[in-house]
Structure formats: C-alpha cells, structure tokens
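Engineer: Just dropping this structure here.
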Amino acid sequence: MWKWRTGACGLAVLFVCGACSDDDGSSGGPNPPPGGFDNPGVIVPAGQGGGQATSGVGAGGGGGGTSLPPGTCADGVVRTRRVAPRVVLVLDGSCSMSTDYPANGQASASRCTDNQRGRWAALRSSLIHPESGVVTKLQSVVEFGIAVYGTQPTCPLPTEPVQPAINNLPMIQSRIPSVQPGMYTPTGPALDWVYDNMIEAEGPDRRNTAQVVILATDGEPNSCGGGGGQVTTNYQPSIDAVRKGSAKGATTYVISLADASGPFHDHLQELANLGNPVANGSATLYEPSSPAQLEANLSSLVGAAVGCEIELNGSVDPASACTGVVTLDDVVLGCNEPNGWALVDQSHIRLQGTACDKLKNKTDADVEAHFSCTAFRPD
C-alpha cells in the first residue's frame, strides 16, 4: 500500500508498497531522490530465502539484478508538500501611523514616534506578536512576504521588502521596526512594485497557489514627489495597480486604520471591489476600530487563504482514486463526499467541508492515505 502521513504542516510522505507486481526502481545512494526507491534490492516474501533480501537491482532498475518476485514491491519514499498560499502584507509606514488607535477624534500624528498605543504598534503586534501574531501562528503553512512603504529615505520602499516564503517570521520581524520609516503615503507606487515583483502571473499550463495581497493603510495615497519635493494626493496610481494585481490572479484585501470618510473612504471601497472581483462590487472594506478587531480581521483573511490541498510527488489514477482510503485523526473520510476528500487532479488531493476545517484549525491533525501500487505512481 502507498501510505502518507502529514500534520497540518507536514511535508514528508512515506509510501510503502506491497501486494502488487513488477513495480521497482533503483537508488543512487542511502538517501533516495524524490520519487526514488529507498531499497533497490529484491524483497523476498517471508518464508523464502530465510526472509533475507537478496542483493541486486529489481526488474525495473536494470544492471543485471534479480527481478522482483511476483506479488511484491520495493519500499519507496516520496516527498510531497502542502499547497501553501502566498500572502503579501503591504503596510503603510507613514508617520500618521503613530496616531493613537483608536484615535478618538484626535488629529493624525505628523511625526514618526514609538507610540505603543498607536496604529503602527497595533498592526505590528497583530502580525508578529510571539504568541498571537498572525505570521507567528501561520508561518509554517503560509508563504508570507512584506513590503513597508513610505517616502523616507527612499520612495516608495524605504526598507528592503521580504519575498514570500514559508517560515519567514525572522525576516519579517526584521522589516517591521518599532518606529515606521515614515513621512508620506505612496500607496500606488508601492502596490505597483509589489504586483510586479512579488506576484506571479497565472498561466494556462501552471497550477498557481492562492495569491493574496493585504493592504493596511491610514492615509490618502500620494506620490513620491516631483519637482520641488511636492507630494500630492493621487488616487489613480492605486486604482491602476490593484487592477494589475487582479489581472495577474491576485486577490487584494483593504484594511483601513483611519476614520476614513468622504472621497477617501469611497476610494478605499473602490480598491476593495477591484481587488476582489468575485464579490461583484460588494467586497468588504475592513475598518477595525480596535487592536483586537484588527487582529481578528487579519486572522480571518489569512486563515481563509490557508487551504486543504496536498501536492503529491506522483500521480493517482483518477479511475482508481476512490479505492484509496484517507483518514483524519484515524477517522475514515469518504471519497467525493462533502465532508470527506476528493482528487483535485492526478497530483493533488483536497480535504473538504468539516474535514478541511479541522485540518486548518488543528496544528497536530494526523492525515493518512492509502492507495494500491497500481493506483499511484511516484514521479
């Protein structure tokens, strides 16, 4: 039987094959390559040859070895990975983010300070708090990237962005300082750079992971400044950038940390609608009124992006898929059932319904799958 086991973040998969015919391979050393076999010798069934495996390579391995006896297979190790979403955090690093949060009617800050009651501190904590931070909790199943934007010392990105990757917490922590880099709010140029450099375009021949951009801002978008250092409010670059992101297959969510009203509020709502076309003009503009609500919004958005799809380093025969047995914490899941599992394509399976919810919410969930050797072939 082919067998794999993974926790919520599991990557390694152990496949054990038996009771099948003429399926063998060879190994170039003690550590097999992905999809290779970890025992190139013939496996002799118990009671034959004293139960010892004879030397040499099996029938499929060539090299003059002894062929596999009928009804037996070699053990094989196949690597796999959970399909992780890509989440890029685009954070407004302007000085107004030093304003108390909630502001309670006070004017926006004009200097960048280390205000532990401020918007920036709340955003920073909701992302990288050592216990409750969204990146802290989900870095093992989400490819997180980050871009902090502002106009000082370089516009639109004062600091080096962090490209999306699994287990990216240390890099992200290093790019979210306690005091934002500051000055103005070049949202459009920053988003444009992100979509060009951190989002991959969908293509007809490649299977993309989910790509999500989360924009968190508190100020009207402006430029990087032109002649004479003038910085002017300009909505159009942000609109053009989000359209570009949607055309590349990314979903963009907008979080407003300001008491936005009038044209600015309408602009943020327009960005939310453009960034999530499936909402048909009724996308949610997230407007948390407290640090707790901000953390809840971020957790909800990122958590929703975490899927229940597993990529296998091999192929399942679709006609035989439902002959396999998939279990979650030792409970058998039904094939093609709403709360069970389904074959997405030959190299991907997905848990569904309540099974998916359990896998996403329980970090130590144990998933096992069994397929006959004739139903699964490693790459």
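Labels for the structure tokens follow display order: chains A, B, ..., residues from 1 in each chain, ligands from 1.
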From the DSSP assignment of the backbone, select every residue of region 72-267 of chain A that is strand (DSSP E or B), and format the answer as a PyMOL selection string.

Structural biologist: chain A and resi 73+76-79+81-82+86-92+100+118+143-149+162-165+211-217+222+233+251-256

Engineer: When distances are computed from only C-alpha atoms, which of A:Ser140, A:Asn222, A:Ser290, A:Thr187 shows the smallest separation from Ala241 (chain A)?

Structural biologist: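 Of A:Ser140, A:Asn222, A:Ser290, A:Thr187, the one nearest Ala241 (chain A), counting only C-alpha atoms, is A:Thr187.
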
Engineer: Measuring between only C-alpha atoms, which one of A:Glu287, A:Asp357, A:Asp240, A:Glu160 shows the shortest distance to Leu271 (chain A)?

Structural biologist: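 Closest residue, counting only C-alpha atoms: A:Asp240.
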
Engineer: Identify, on the basis of only C-alpha atoms, every residue whose closest approach to region 141-146 of chain A does not exceed 6 Å; exclude the query and any residue fewer than 5 positions from it along the same chain; express the result as a list in words.

Structural biologist: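 Answer for this query is Cys9, Ala84, Pro85, Arg86, Val87, Val88, Leu89, Val90, Pro161, Val162, Gln163, Pro164, Ala165 and Ile166 of chain A.
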
Engineer: Report as an NGL selection string all protein, DNA and RNA residues lying within 8 Å of Leu285 (chain A), evaluated on only C-alpha atoms, omitting residues in the same chain fewer than 4 positions from it.

Structural biologist: :A and (253-256 or 268-269 or 272)

Engineer: Write down as a list in words the residues belonging to region 304-375 of chain A that are assigned helix (DSSP H, G or I) by DSSP computed on the backbone.

Structural biologist: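 Matching residues for helix (DSSP H, G or I) in region 304-375 of chain A are Ala304, Ala305, Pro318, Ala319, Ser320, Ala321, Cys322, Thr323, Gly353, Thr354, Ala355, Cys356, Asp357, Lys358, Leu359, Lys360 and Asn361 of chain A.
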
Engineer: Next, dump the selected residues to file, keeping only N, CA and C atoms, as a tab-separated table (two decimals), in the first residue's frame.

Structural biologist:
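File produced: part-v6.tsv:
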chain	number	residue	atom	x	y	z
A	304	ALA	N	-8.49	32.23	5.96
A	304	ALA	CA	-9.33	31.82	4.84
A	304	ALA	C	-8.50	31.42	3.63
A	305	ALA	N	-7.29	31.99	3.53
A	305	ALA	CA	-6.42	31.67	2.39
A	305	ALA	C	-5.73	30.33	2.54
A	318	PRO	N	-7.03	8.55	-11.76
A	318	PRO	CA	-8.37	9.04	-11.38
A	318	PRO	C	-9.41	7.93	-11.32
A	319	ALA	N	-9.29	6.95	-12.19
A	319	ALA	CA	-10.28	5.87	-12.20
A	319	ALA	C	-10.22	5.02	-10.94
A	320	SER	N	-9.06	5.05	-10.26
A	320	SER	CA	-8.88	4.22	-9.07
A	320	SER	C	-8.81	5.03	-7.79
A	321	ALA	N	-9.02	6.35	-7.88
A	321	ALA	CA	-8.81	7.22	-6.71
A	321	ALA	C	-9.64	6.78	-5.51
A	322	CYS	N	-10.90	6.48	-5.72
A	322	CYS	CA	-11.78	6.15	-4.61
A	322	CYS	C	-11.55	4.76	-4.05
A	323	THR	N	-10.61	4.01	-4.64
A	323	THR	CA	-10.20	2.76	-4.00
A	323	THR	C	-9.25	3.06	-2.85
A	353	GLY	N	-15.07	20.41	3.43
A	353	GLY	CA	-16.05	20.62	4.48
A	353	GLY	C	-15.47	20.62	5.88
A	354	THR	N	-16.09	19.86	6.77
A	354	THR	CA	-15.64	19.81	8.16
A	354	THR	C	-14.25	19.20	8.29
A	355	ALA	N	-13.90	18.31	7.38
A	355	ALA	CA	-12.55	17.73	7.41
A	355	ALA	C	-11.51	18.81	7.12
A	356	CYS	N	-11.79	19.67	6.16
A	356	CYS	CA	-10.89	20.78	5.85
A	356	CYS	C	-10.79	21.73	7.04
A	357	ASP	N	-11.94	22.05	7.64
A	357	ASP	CA	-11.93	22.96	8.80
A	357	ASP	C	-11.05	22.40	9.91
A	358	LYS	N	-11.15	21.12	10.17
A	358	LYS	CA	-10.36	20.51	11.23
A	358	LYS	C	-8.88	20.56	10.90
A	359	LEU	N	-8.53	20.29	9.65
A	359	LEU	CA	-7.13	20.31	9.25
A	359	LEU	C	-6.55	21.72	9.39
A	360	LYS	N	-7.33	22.74	9.04
A	360	LYS	CA	-6.83	24.11	9.11
A	360	LYS	C	-6.70	24.60	10.55
A	361	ASN	N	-7.58	24.14	11.41
A	361	ASN	CA	-7.64	24.68	12.76
A	361	ASN	C	-6.88	23.88	13.80

Engineer: Return the single residue from A:Gly118, A:Pro263, A:Pro102, A:Gly307 that is closest to Val179 (chain A), with distances computed using only C-alpha atoms.

Structural biologist: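 So, comparing all the options, the nearest one is A:Gly118.
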